[in-house]
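As provided, start-v2.cif (mmCIF, C-alpha atoms (C1' of nucleotides)) reads as follows.
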data_final
loop_
_atom_site.label_atom_id
_atom_site.label_comp_id
_atom_site.auth_asym_id
_atom_site.auth_seq_id
_atom_site.Cartn_x
_atom_site.Cartn_y
_atom_site.Cartn_z
CA MET A 1 155.04 143.18 103.68
CA GLU A 2 158.37 141.52 104.37
CA THR A 3 158.68 138.16 106.04
CA ALA A 4 160.18 139.62 109.20
CA GLU A 5 157.28 141.96 109.79
CA VAL A 6 154.68 139.31 109.04
CA THR A 7 156.38 136.95 111.45
CA LYS A 8 156.29 139.63 114.09
CA ARG A 9 152.60 140.24 113.51
CA LEU A 10 151.86 136.54 113.85
CA ARG A 11 153.80 136.21 117.09
CA GLU A 12 152.02 139.24 118.47
CA GLN A 13 148.72 137.46 117.90
CA GLY A 14 150.02 134.31 119.54
CA ILE A 15 150.27 132.42 116.26
CA THR A 16 153.19 130.08 115.64
CA PRO A 17 154.75 131.32 112.41
CA THR A 18 155.17 128.49 109.93
CA ASN A 19 156.16 128.83 106.30
CA GLN A 20 152.56 128.46 105.17
CA ARG A 21 151.17 130.91 107.70
CA ILE A 22 153.80 133.50 106.89
CA ARG A 23 153.10 133.29 103.20
CA ILE A 24 149.32 133.31 103.72
CA ALA A 25 149.46 136.26 106.11
CA ALA A 26 151.74 138.14 103.72
CA VAL A 27 149.22 137.68 100.91
CA ILE A 28 146.35 138.79 103.11
CA LEU A 29 148.09 141.82 104.58
CA GLU A 30 149.60 142.94 101.31
CA LYS A 31 146.60 145.16 100.64
CA THR A 32 143.08 145.93 101.79
CA TRP A 33 140.79 143.44 100.14
CA HIS A 34 137.95 140.98 100.44
CA PHE A 35 138.45 137.36 99.53
CA SER A 36 137.06 133.85 99.68
CA ALA A 37 139.04 130.80 100.75
CA GLU A 38 139.34 129.84 97.10
CA GLN A 39 140.74 133.21 96.09
CA LEU A 40 143.22 133.17 98.92
CA LEU A 41 144.37 129.69 97.96
CA GLU A 42 144.98 130.76 94.39
CA GLU A 43 146.81 133.93 95.41
CA THR A 44 148.93 132.09 97.95
CA ASN A 45 150.11 129.52 95.42
CA ARG A 46 150.45 131.91 92.52
CA GLU A 47 154.25 131.58 92.44
CA GLY A 48 154.59 127.95 93.38
CA LYS A 49 152.65 125.76 95.72
CA VAL A 50 152.89 126.78 99.34
CA ALA A 51 149.71 125.63 101.03
CA SER A 52 146.93 123.12 100.52
CA LYS A 53 143.23 123.80 100.62
CA ALA A 54 142.94 122.26 104.08
CA THR A 55 145.66 124.56 105.39
CA ILE A 56 143.95 127.59 103.89
CA TYR A 57 140.71 126.77 105.67
CA ASN A 58 142.42 125.94 108.96
CA THR A 59 144.54 129.07 108.78
CA LEU A 60 141.64 131.36 107.93
CA ASP A 61 139.75 130.00 110.87
CA LEU A 62 142.73 130.53 113.14
CA PHE A 63 143.41 134.04 111.83
CA ALA A 64 139.75 134.98 112.28
CA ARG A 65 139.73 133.72 115.86
CA ARG A 66 142.90 135.67 116.57
CA GLY A 67 141.55 138.84 115.00
CA LEU A 68 143.93 139.02 112.07
CA VAL A 69 141.06 138.91 109.58
CA LYS A 70 137.31 139.34 109.85
CA GLN A 71 134.78 136.86 108.61
CA LEU A 72 132.00 138.32 106.50
CA VAL A 73 128.62 136.69 105.99
CA VAL A 74 127.16 138.44 102.99
CA ASP A 75 126.91 135.84 100.25
CA PRO A 76 124.68 132.80 100.65
CA ASP A 77 127.13 130.74 98.62
CA ARG A 78 130.42 131.20 100.41
CA VAL A 79 132.14 132.95 103.28
CA TYR A 80 134.24 136.01 102.59
CA TYR A 81 137.02 137.47 104.68
CA ASP A 82 138.20 141.01 105.10
CA SER A 83 141.86 141.88 105.47
CA SER A 84 140.81 144.93 107.41
CA THR A 85 139.50 144.33 110.90
CA HIS A 86 138.61 147.96 111.49
CA HIS A 87 134.95 148.37 112.07
CA HIS A 88 133.27 149.31 108.84
CA HIS A 89 130.41 148.19 106.63
CA HIS A 90 129.92 146.93 103.12
CA PHE A 91 128.21 147.21 99.82
CA PHE A 92 127.66 143.84 98.19
CA ASP A 93 127.04 143.50 94.48
CA PRO A 94 125.41 140.11 93.90
CA ASP A 95 125.92 140.35 90.15
CA THR A 96 129.70 140.38 90.43
CA GLN A 97 129.99 138.99 93.98
CA GLN A 98 132.10 141.99 94.84
CA LEU A 99 132.35 143.74 98.18
CA PHE A 100 133.07 147.42 98.64
CA ASP A 101 133.84 149.18 101.88
CA ILE A 102 131.55 151.85 103.18
CA GLN A 103 133.58 154.55 104.82
CA PRO A 104 132.69 154.97 108.49
CA ASP A 105 131.66 158.59 108.05
CA GLN A 106 129.20 157.60 105.31
CA ILE A 107 126.96 155.63 107.59
CA ASP A 108 125.57 156.14 111.04
CA ILE A 109 123.62 153.72 113.19
CA LYS A 110 121.75 154.22 116.39
CA LEU A 111 121.80 150.86 118.11
CA PRO A 112 118.88 149.37 120.03
CA ALA A 113 118.85 150.07 123.73
CA ALA A 114 117.17 146.78 124.57
CA LEU A 115 118.95 143.48 124.04
CA PRO A 116 117.72 139.95 124.71
CA ALA A 117 118.27 139.06 128.36
CA GLY A 118 121.78 138.01 129.33
CA LYS A 119 123.23 138.98 125.98
CA GLU A 120 125.54 141.66 124.75
CA ILE A 121 126.57 142.87 121.34
CA ALA A 122 129.46 140.96 119.77
CA ASP A 123 129.38 142.61 116.38
CA VAL A 124 127.26 144.85 114.19
CA SER A 125 127.20 144.28 110.47
CA VAL A 126 125.53 146.46 107.89
CA VAL A 127 125.36 145.13 104.35
CA ILE A 128 123.84 147.17 101.57
CA GLN A 129 122.90 144.99 98.62
CA LEU A 130 123.28 146.73 95.29
CA ARG A 131 121.64 146.32 91.92
CA SER A 132 122.01 148.01 88.58
CA ALA A 133 120.41 151.43 88.68
CA GLN A 134 118.45 151.17 85.45
CA GLN A 135 116.94 147.86 86.46
CA THR A 136 113.29 148.11 87.45
CA VAL A 137 111.81 145.80 90.03
CA LYS A 138 108.65 144.12 88.94
CA ALA A 139 105.79 144.95 91.26
CA ALA A 140 105.01 141.99 93.44
CA MET B 1 95.46 130.80 107.79
CA GLU B 2 92.79 128.92 105.86
CA THR B 3 93.40 127.34 102.51
CA ALA B 4 91.19 129.81 100.69
CA GLU B 5 93.10 132.81 101.94
CA VAL B 6 96.49 131.23 101.26
CA THR B 7 95.38 130.37 97.74
CA LYS B 8 94.32 133.95 97.22
CA ARG B 9 97.68 135.24 98.47
CA LEU B 10 99.53 132.93 96.10
CA ARG B 11 97.48 133.98 93.10
CA GLU B 12 98.03 137.62 94.01
CA GLN B 13 101.78 137.00 93.79
CA GLY B 14 101.41 135.23 90.47
CA ILE B 15 102.13 131.81 91.94
CA THR B 16 100.19 128.80 90.73
CA PRO B 17 98.65 127.30 93.85
CA THR B 18 99.40 123.60 94.09
CA ASN B 19 98.74 121.38 97.08
CA GLN B 20 102.35 121.56 98.18
CA ARG B 21 102.64 125.32 97.77
CA ILE B 22 99.41 125.94 99.63
CA ARG B 23 100.50 123.82 102.55
CA ILE B 24 104.01 125.32 102.58
CA ALA B 25 102.68 128.87 102.40
CA ALA B 26 100.17 128.13 105.16
CA VAL B 27 102.98 126.91 107.42
CA ILE B 28 105.09 129.96 106.65
CA LEU B 29 102.33 132.51 107.06
CA GLU B 30 100.86 130.94 110.16
CA LYS B 31 103.04 133.13 112.36
CA THR B 32 105.98 135.48 112.29
CA TRP B 33 109.12 133.38 112.40
CA HIS B 34 112.56 132.65 111.02
CA PHE B 35 113.36 129.27 109.56
CA SER B 36 115.79 127.21 107.54
CA ALA B 37 114.78 124.94 104.66
CA GLU B 38 115.19 121.98 106.97
CA GLN B 39 112.89 123.44 109.62
CA LEU B 40 110.28 124.30 107.03
CA LEU B 41 110.43 120.78 105.62
CA GLU B 42 109.86 119.29 109.04
CA GLU B 43 107.02 121.64 109.88
CA THR B 44 105.33 121.12 106.52
CA ASN B 45 105.30 117.35 106.89
CA ARG B 46 104.49 117.30 110.59
CA GLU B 47 101.04 115.82 110.01
CA GLY B 48 101.77 113.59 107.09
CA LYS B 49 104.10 113.95 104.16
CA VAL B 50 103.17 116.75 101.83
CA ALA B 51 106.36 117.90 100.17
CA SER B 52 109.84 116.62 99.45
CA LYS B 53 113.11 118.36 100.17
CA ALA B 54 113.51 119.35 96.52
CA THR B 55 110.09 120.96 96.51
CA ILE B 56 110.87 122.87 99.69
CA TYR B 57 114.01 124.34 98.14
CA ASN B 58 112.32 125.13 94.84
CA THR B 59 109.35 126.67 96.58
CA LEU B 60 111.43 128.78 98.95
CA ASP B 61 113.37 130.12 96.01
CA LEU B 62 110.14 130.92 94.16
CA PHE B 63 108.52 132.53 97.21
CA ALA B 64 111.60 134.65 97.82
CA ARG B 65 111.67 135.85 94.22
CA ARG B 66 107.97 136.70 94.45
CA GLY B 67 108.40 138.56 97.73
CA LEU B 68 106.38 136.20 99.90
CA VAL B 69 109.37 135.55 102.15
CA LYS B 70 112.71 137.23 102.61
CA GLN B 71 116.04 135.46 102.43
CA LEU B 72 118.40 136.19 105.30
CA VAL B 73 122.17 135.77 105.14
CA VAL B 74 123.29 135.74 108.74
CA ASP B 75 124.67 132.28 109.39
CA PRO B 76 127.68 130.97 107.50
CA ASP B 77 126.27 127.45 107.61
CA ARG B 78 122.81 127.79 106.11
CA VAL B 79 120.32 130.25 104.67
CA TYR B 80 117.44 131.44 106.80
CA TYR B 81 114.13 132.86 105.67
CA ASP B 82 111.83 135.36 107.30
CA SER B 83 108.06 135.05 107.09
CA SER B 84 107.84 138.80 107.49
CA THR B 85 108.92 140.84 104.50
CA HIS B 86 108.48 144.14 106.28
CA HIS B 87 111.72 145.99 106.50
CA HIS B 88 113.34 145.28 109.82
CA HIS B 89 116.63 144.05 111.23
CA HIS B 90 117.90 141.18 113.32
CA PHE B 91 119.76 139.98 116.32
CA PHE B 92 121.54 136.70 115.69
CA ASP B 93 122.66 134.45 118.50
CA PRO B 94 125.35 132.13 117.12
CA ASP B 95 125.19 129.90 120.20
CA THR B 96 121.59 128.89 119.59
CA GLN B 97 121.38 129.87 115.89
CA GLN B 98 118.34 131.93 116.77
CA LEU B 99 117.17 135.11 115.11
CA PHE B 100 115.24 137.87 116.85
CA ASP B 101 113.61 140.85 115.22
CA ILE B 102 114.76 144.32 116.03
CA GLN B 103 111.78 146.63 116.07
CA PRO B 104 112.09 149.42 113.51
CA ASP B 105 111.91 152.14 116.16
CA GLN B 106 114.84 150.57 118.03
CA ILE B 107 117.36 151.22 115.31
CA ASP B 108 118.12 154.11 113.05
CA ILE B 109 120.50 154.23 110.11
CA LYS B 110 121.75 157.09 108.05
CA LEU B 111 122.57 155.61 104.67
CA PRO B 112 125.57 156.60 102.57
CA ALA B 113 124.95 159.33 100.05
CA ALA B 114 127.50 157.97 97.61
CA LEU B 115 126.96 154.66 95.86
CA PRO B 116 129.16 152.86 93.36
CA ALA B 117 128.52 154.21 89.87
CA GLY B 118 125.45 152.87 88.10
CA LYS B 119 124.16 151.10 91.16
CA GLU B 120 121.27 151.60 93.48
CA ILE B 121 120.30 150.12 96.82
CA ALA B 122 118.38 146.86 96.60
CA ASP B 123 118.31 146.08 100.29
CA VAL B 124 119.82 147.11 103.59
CA SER B 125 120.50 144.48 106.21
CA VAL B 126 121.64 145.10 109.75
CA VAL B 127 122.63 142.07 111.79
CA ILE B 128 123.70 142.39 115.39
CA GLN B 129 125.60 139.33 116.53
CA LEU B 130 125.04 138.51 120.18
CA ARG B 131 127.09 136.73 122.80
CA SER B 132 126.54 135.86 126.43
CA ALA B 133 126.91 138.93 128.59
CA GLN B 134 129.15 137.44 131.25
CA GLN B 135 131.52 136.06 128.67
CA THR B 136 134.77 138.01 128.45
CA VAL B 137 136.61 138.31 125.20
CA LYS B 138 140.24 137.37 125.39
CA ALA B 139 142.42 140.25 124.30
CA ALA B 140 143.91 139.57 120.90
"C1'" DC C 1 162.40 114.83 121.21
"C1'" DT C 2 157.31 116.16 121.67
"C1'" DG C 3 153.62 118.47 120.17
"C1'" DC C 4 151.74 121.29 116.71
"C1'" DT C 5 151.14 121.72 111.65
"C1'" DT C 6 150.39 120.17 107.03
"C1'" DG C 7 148.39 117.62 103.10
"C1'" DC C 8 145.79 114.37 100.85
"C1'" DA C 9 141.72 112.33 100.09
"C1'" DA C 10 137.50 111.16 101.84
"C1'" DA C 11 133.53 112.51 104.23
"C1'" DG C 12 129.90 115.84 105.50
"C1'" DG C 13 126.14 119.16 105.14
"C1'" DC C 14 123.45 122.19 102.46
"C1'" DT C 15 121.55 122.98 98.01
"C1'" DT C 16 120.73 122.05 93.06
"C1'" DT C 17 119.62 119.17 89.14
"C1'" DG C 18 117.99 115.37 85.74
"C1'" DC C 19 114.39 113.03 84.58
"C1'" DA C 20 110.02 110.43 84.87
"C1'" DG C 21 105.45 110.60 86.59
"C1'" DA C 22 101.62 113.64 88.29
"C1'" DA C 23 98.88 117.78 88.58
"C1'" DC C 24 97.21 122.10 86.75
"C1'" DA C 25 94.77 125.12 83.30
"C1'" DT D 1 96.34 118.26 75.87
"C1'" DG D 2 100.36 120.99 76.76
"C1'" DT D 3 102.76 123.01 80.29
"C1'" DT D 4 104.19 123.30 84.84
"C1'" DC D 5 105.19 121.00 89.13
"C1'" DT D 6 106.87 117.24 92.13
"C1'" DG D 7 109.96 113.72 93.98
"C1'" DC D 8 113.66 110.74 94.18
"C1'" DA D 9 118.24 110.04 93.95
"C1'" DA D 10 122.45 111.57 92.41
"C1'" DA D 11 125.53 115.18 91.82
"C1'" DG D 12 127.74 119.62 93.15
"C1'" DC D 13 129.95 122.88 95.96
"C1'" DC D 14 132.02 124.62 99.99
"C1'" DT D 15 134.03 123.20 104.13
"C1'" DT D 16 135.66 119.89 107.66
"C1'" DT D 17 138.08 115.83 109.20
"C1'" DG D 18 141.15 111.46 109.85
"C1'" DC D 19 145.45 110.14 109.74
"C1'" DA D 20 150.37 109.80 108.48
"C1'" DA D 21 154.42 112.48 107.59
"C1'" DG D 22 156.92 116.92 108.51
"C1'" DC D 23 158.32 121.04 111.10
"C1'" DA D 24 158.86 124.28 115.26
"C1'" DG D 25 160.83 124.94 119.62
#
Mind turning the file's structure into structure tokens?
Amino acid sequence: METAEVTKRLREQGITPTNQRIRIAAVILEKTWHFSAEQLLEETNREGKVASKATIYNTLDLFARRGLVKQLVVDPDRVYYDSSTHHHHHFFDPDTQQLFDIQPDQIDIKLPAALPAGKEIADVSVVIQLRSAQQTVKAA
Amino acid sequence: METAEVTKRLREQGITPTNQRIRIAAVILEKTWHFSAEQLLEETNREGKVASKATIYNTLDLFARRGLVKQLVVDPDRVYYDSSTHHHHHFFDPDTQQLFDIQPDQIDIKLPAALPAGKEIADVSVVIQLRSAQQTVKAA
DNA sequence: CTGCTTGCAAAGGCTTTGCAGAACA
DNA sequence: TGTTCTGCAAAGCCTTTGCAAGCAG
């Protein structure tokens, strides 16, 4: 994605476009992918240092609040982000720490009618943990 | 739950029953609840010190591997555990960091037919994030 | 100019680990 | 007795923060 378009996207979300944010957003929006803060940092600075670790964390937080990326809680060890904010679900492979999208037509949920009092649904997340098919689980 | 029964449960799961493990398991199995390592530590030592933080973490890891408790990944800040290993899903309220069970008959999922090659499903987790009902979400 | 943004390094919170002493079988 | 378990403190890892310098408008 070219700088001009990224800048436009940022302004549309009410985000002041700085050099770092433009570069970071360009890296994120370049493709559909799942990434950790660490991975984003590395990718952002691949061709010369653009942003620090602190800026990556601050920017991810900002982007998530503005709906540019979606935070995923699937790995107990770190937070992942999704460059796609469309509502979809995930496979998670703990062996490789990889996330795969589940296409919306592949899954279907009937949500509960009753919610705790005074609450409404903010988000629904379905995570299917994978394991190698030949692996047998020892009986408990 | 009395000591004798807890001890029996531990042996059934192939866990050597030590003083600490018996007390920890008794606290966990006393009721149906969701807890963090910190909460379990506090509850375990409520009436006199029984176990250290290291032992709590080691024991939780062991219990989870043996299927006595279930690890929940719902909060980016810490891992929660569930004293019930029956398959069910959760509401999570980020404001209070509280988890509520969703009764199995309240939710219904049609799982994907296609899985990544060589993989099978290890676990399915549905987490419904809540927010206060009157709260309006600012348009992005 | 004036306020927001960035970066460094240090701090913070949760979790794991090394190692010596204690408990289990 | 030999192995496993426990506890303390220190270390580790991911993430946040304080503060001074830099950039956007």
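Using only C-alpha atoms (C1' of nucleotides), every residue with an atom at most 9 Å from the point (133.3, 112.4, 106.6) is listed here: DA10, DA11 and DG12 of chain C; DT16, DT17 and DG18 of chain D.
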Please write the residues from the selection above to a file, keeping C-alpha atoms (C1' of nucleotides), as a PDB file, keeping the file's coordinate frame.
ATOM      1  C1'  DA C  10     137.500 111.160 101.840  1.00  0.00           C
ATOM      2  C1'  DA C  11     133.530 112.510 104.230  1.00  0.00           C
ATOM      3  C1'  DG C  12     129.900 115.840 105.500  1.00  0.00           C
TER       4       DG C  12
ATOM      5  C1'  DT D  16     135.660 119.890 107.660  1.00  0.00           C
ATOM      6  C1'  DT D  17     138.080 115.830 109.200  1.00  0.00           C
ATOM      7  C1'  DG D  18     141.150 111.460 109.850  1.00  0.00           C
TER       8       DG D  18
END
Give as JSON, numbers by chain the residues that the PyMOL selection byres ((chain C) within 12 of (chain A)) matches when applied to the coordinates above.
{"C": [4, 5, 6, 7, 8, 9, 14, 15]}
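Picture a line from atom CA of A:Pro112 to atom CA of A:Val127; it runs 17.5 Å.
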Would you kindly report the residues of chain D within 12 Å of chain A, using only C-alpha atoms (C1' of nucleotides), as number ranges by chain?
D: 13-17, 22-25
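Taking atom CA of B:Leu29 and atom CA of A:Ser125 as endpoints, the distance between them is 27.7 Å.
Residue nearest chain B, chosen from A:Gln13, A:Thr32, A:Ser83, A:Gln98 and counting all atoms listed in the file: A:Gln13.
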Wanna dump the chain B-chain A contacts at 8 Å for me, each residue with its shortest atom pair and the distance in Å to one decimal, counting all atoms listed in the file, ordered by chain and number, as JSON lines?
{"residue": "B:Gln13", "atom": "CA", "partner": "A:Ala140", "partner_atom": "CA", "distance": 6.0}
{"residue": "B:Arg66", "atom": "CA", "partner": "A:Ala140", "partner_atom": "CA", "distance": 6.1}
{"residue": "B:Gly67", "atom": "CA", "partner": "A:Ala140", "partner_atom": "CA", "distance": 6.5}
{"residue": "B:Val73", "atom": "CA", "partner": "A:Pro76", "partner_atom": "CA", "distance": 5.9}
{"residue": "B:Val74", "atom": "CA", "partner": "A:Val73", "partner_atom": "CA", "distance": 6.1}
{"residue": "B:Asp75", "atom": "CA", "partner": "A:Val73", "partner_atom": "CA", "distance": 6.8}
{"residue": "B:Pro76", "atom": "CA", "partner": "A:Val73", "partner_atom": "CA", "distance": 6.0}
{"residue": "B:Arg78", "atom": "CA", "partner": "A:Pro76", "partner_atom": "CA", "distance": 7.6}
{"residue": "B:Val79", "atom": "CA", "partner": "A:Pro76", "partner_atom": "CA", "distance": 6.5}
{"residue": "B:Ile102", "atom": "CA", "partner": "A:Pro112", "partner_atom": "CA", "distance": 7.6}
{"residue": "B:Gln106", "atom": "CA", "partner": "A:Pro112", "partner_atom": "CA", "distance": 4.7}
{"residue": "B:Ile107", "atom": "CA", "partner": "A:Leu111", "partner_atom": "CA", "distance": 5.3}
{"residue": "B:Asp108", "atom": "CA", "partner": "A:Lys110", "partner_atom": "CA", "distance": 4.9}
{"residue": "B:Ile109", "atom": "CA", "partner": "A:Ile109", "partner_atom": "CA", "distance": 4.4}
{"residue": "B:Lys110", "atom": "CA", "partner": "A:Asp108", "partner_atom": "CA", "distance": 4.9}
{"residue": "B:Leu111", "atom": "CA", "partner": "A:Ile107", "partner_atom": "CA", "distance": 5.3}
{"residue": "B:Pro112", "atom": "CA", "partner": "A:Gln106", "partner_atom": "CA", "distance": 4.7}
{"residue": "B:Ala113", "atom": "CA", "partner": "A:Gln106", "partner_atom": "CA", "distance": 7.0}
{"residue": "B:Ala114", "atom": "CA", "partner": "A:Gln106", "partner_atom": "CA", "distance": 7.9}
{"residue": "B:Gly118", "atom": "CA", "partner": "A:Ala133", "partner_atom": "CA", "distance": 5.3}
{"residue": "B:Lys119", "atom": "CA", "partner": "A:Ala133", "partner_atom": "CA", "distance": 4.5}
{"residue": "B:Glu120", "atom": "CA", "partner": "A:Ala133", "partner_atom": "CA", "distance": 4.9}
{"residue": "B:Ile121", "atom": "CA", "partner": "A:Leu130", "partner_atom": "CA", "distance": 4.8}
{"residue": "B:Ala122", "atom": "CA", "partner": "A:Leu130", "partner_atom": "CA", "distance": 5.1}
{"residue": "B:Asp123", "atom": "CA", "partner": "A:Gln129", "partner_atom": "CA", "distance": 5.0}
{"residue": "B:Val124", "atom": "CA", "partner": "A:Ile128", "partner_atom": "CA", "distance": 4.5}
{"residue": "B:Ser125", "atom": "CA", "partner": "A:Val127", "partner_atom": "CA", "distance": 5.2}
{"residue": "B:Val126", "atom": "CA", "partner": "A:Val126", "partner_atom": "CA", "distance": 4.5}
{"residue": "B:Val127", "atom": "CA", "partner": "A:Ser125", "partner_atom": "CA", "distance": 5.2}
{"residue": "B:Ile128", "atom": "CA", "partner": "A:Val124", "partner_atom": "CA", "distance": 4.5}
{"residue": "B:Gln129", "atom": "CA", "partner": "A:Asp123", "partner_atom": "CA", "distance": 5.0}
{"residue": "B:Leu130", "atom": "CA", "partner": "A:Ile121", "partner_atom": "CA", "distance": 4.8}
{"residue": "B:Arg131", "atom": "CA", "partner": "A:Lys119", "partner_atom": "CA", "distance": 5.5}
{"residue": "B:Ser132", "atom": "CA", "partner": "A:Lys119", "partner_atom": "CA", "distance": 4.6}
{"residue": "B:Ala133", "atom": "CA", "partner": "A:Lys119", "partner_atom": "CA", "distance": 4.5}
{"residue": "B:Gln134", "atom": "CA", "partner": "A:Gly118", "partner_atom": "CA", "distance": 7.6}
{"residue": "B:Ala140", "atom": "CA", "partner": "A:Arg66", "partner_atom": "CA", "distance": 5.9}
